[in-house]
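A.B. asks: Below are the structure tokens for one structure; questions will follow.
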Amino acid sequence: MSYWKKLVKFLVGPTGSGVRAKDSKGRFIADDKSTVEKNEAYEDGKTPADRNKRARTKKGKYKADDKSTKRRNEAYKGGRKPKAKRGRGRPKGSKNKKK
């Protein structure tokens, strides 16, 4: 394994695949709270990482980004801001067409 893959695995930690487990009828399976080491709601038994979620303080308020660190964004759990979604643009048949 390359150095960078080891480093990313160390920084991010063990992550799950994110694929939910289903029963024979195709319904989602819930997690059994009595087993702490395994999460039955996911196929591989691991809960996926909470990336791109806003980080919170102990009181539950949003954390702010520390501007002195260039490569890490402390306001988000994964350390990176999620990419912005593109807008829909001008709807078809609208009156404000370009001339």
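We name chains A, B, ... following the order of the structure tokens; residues begin at 1 in each chain, and ligands are numbered from 1 as shown.
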Could you name the residues that touch A:Glu37 at 10 Å or less, counting only C-alpha atoms, but leaving out those on the same chain fewer than 4 positions away, as a compact mmCIF listing (two decimals) with N, CA and C atoms, in the first residue's frame?
C.D. replies:
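Generated output (part-v9.txt):
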```txt
# COMPACT_ATOMS: atom_id res chain seq x y z
N LYS A 33 -29.21 -2.53 18.58
CA LYS A 33 -28.45 -1.72 19.53
C LYS A 33 -27.71 -2.57 20.56
N GLY A 45 -21.16 -4.08 7.87
CA GLY A 45 -21.17 -4.00 9.33
C GLY A 45 -20.52 -2.76 9.89
N LYS A 46 -20.09 -1.82 9.04
CA LYS A 46 -19.46 -0.59 9.49
C LYS A 46 -20.31 0.60 9.08
```
A.B. asks: Could you list, as a short mmCIF file (atom, residue, chain, number, x, y, z; two decimals) with C-alpha atoms, in the first residue's frame, every residue within 6 Å of A:Ile29, counting only C-alpha atoms and ignoring same-chain residues fewer than 5 positions away?
C.D. replies:
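Output file around31.cif follows:
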```cif
data_model
loop_
_atom_site.label_atom_id
_atom_site.label_comp_id
_atom_site.auth_asym_id
_atom_site.auth_seq_id
_atom_site.Cartn_x
_atom_site.Cartn_y
_atom_site.Cartn_z
CA ALA A 21 -28.63 -4.02 4.16
CA LYS A 22 -32.04 -5.28 3.05
CA ALA A 41 -28.04 -1.78 9.07
#
```
A.B. asks: Quick check, in Å to one decimal: how far apart do atom CA of A:Lys85 and atom CA of A:Arg20 lie?
C.D. replies: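 These atoms are spaced 24.9 Å apart.
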A.B. asks: Which one is closest to A:Tyr62: A:Glu43, A:Asp23, A:Asp31, A:Glu74? Count only C-alpha atoms.
C.D. replies: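 For A:Tyr62, the nearest of the given residues is A:Glu74.
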A.B. asks: I need the residue nearest A:Asp50 from this list: A:Gly78, A:Ser24, A:Asn73, A:Asp32. Use only C-alpha atoms for the distance.
C.D. replies: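 The shortest atom-to-atom distance to A:Asp50 comes from A:Gly78.
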A.B. asks: Which residue gives the smallest distance to A:Lys83 among A:Asn52, A:Ser34, A:Asn39, A:Ser17, with only C-alpha atoms counted?
C.D. replies: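 Closest candidate: A:Asn52.
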A.B. asks: If you measure from atom CA of A:Arg51 to atom CA of A:Tyr76, what distance in Å do you get, rounded to one decimal?
C.D. replies: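 These atoms are spaced 7.4 Å apart.
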A.B. asks: Which of these, A:Lys58, A:Gly16, A:Ser68, A:Lys53, has the shortest distance to A:Lys38 once you count only C-alpha atoms?
C.D. replies: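 Checking each candidate against A:Lys38, we get A:Gly16 as the closest.
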A.B. asks: Could you give me, as a PyMOL selection string, the residues within 12 Å of A:Thr57, counting only C-alpha atoms and dropping anything in the same chain fewer than 2 positions from it?
C.D. replies: chain A and resi 54-55+59-64+74-77
A.B. asks: Go ahead and save the picked residues with C-alpha atoms, as a PDB file, in the first residue's frame.
C.D. replies:
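Output file part_23.pdb is given in full below:
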```pdb
ATOM      1  CA  ARG A  54     -21.122  20.539   9.901  1.00  0.00           C
ATOM      2  CA  ALA A  55     -19.043  20.116  13.029  1.00  0.00           C
ATOM      3  CA  LYS A  59     -23.253  22.826  23.328  1.00  0.00           C
ATOM      4  CA  GLY A  60     -24.497  21.919  19.838  1.00  0.00           C
ATOM      5  CA  LYS A  61     -23.642  25.156  18.059  1.00  0.00           C
ATOM      6  CA  TYR A  62     -21.837  25.162  14.709  1.00  0.00           C
ATOM      7  CA  LYS A  63     -18.048  25.421  14.810  1.00  0.00           C
ATOM      8  CA  ALA A  64     -16.290  28.118  12.816  1.00  0.00           C
ATOM      9  CA  GLU A  74     -12.655  22.831  10.927  1.00  0.00           C
ATOM     10  CA  ALA A  75     -16.275  23.803  10.273  1.00  0.00           C
ATOM     11  CA  TYR A  76     -16.885  20.388   8.634  1.00  0.00           C
ATOM     12  CA  LYS A  77     -16.286  16.890  10.042  1.00  0.00           C
TER      13      LYS A  77
END
```
A.B. asks: In Å to one decimal, how far is atom CA of A:Glu40 from atom CA of A:Phe28?
C.D. replies: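 Calculated distance between atom CA of A:Phe28 and atom CA of A:Glu40 is 10.2 Å.
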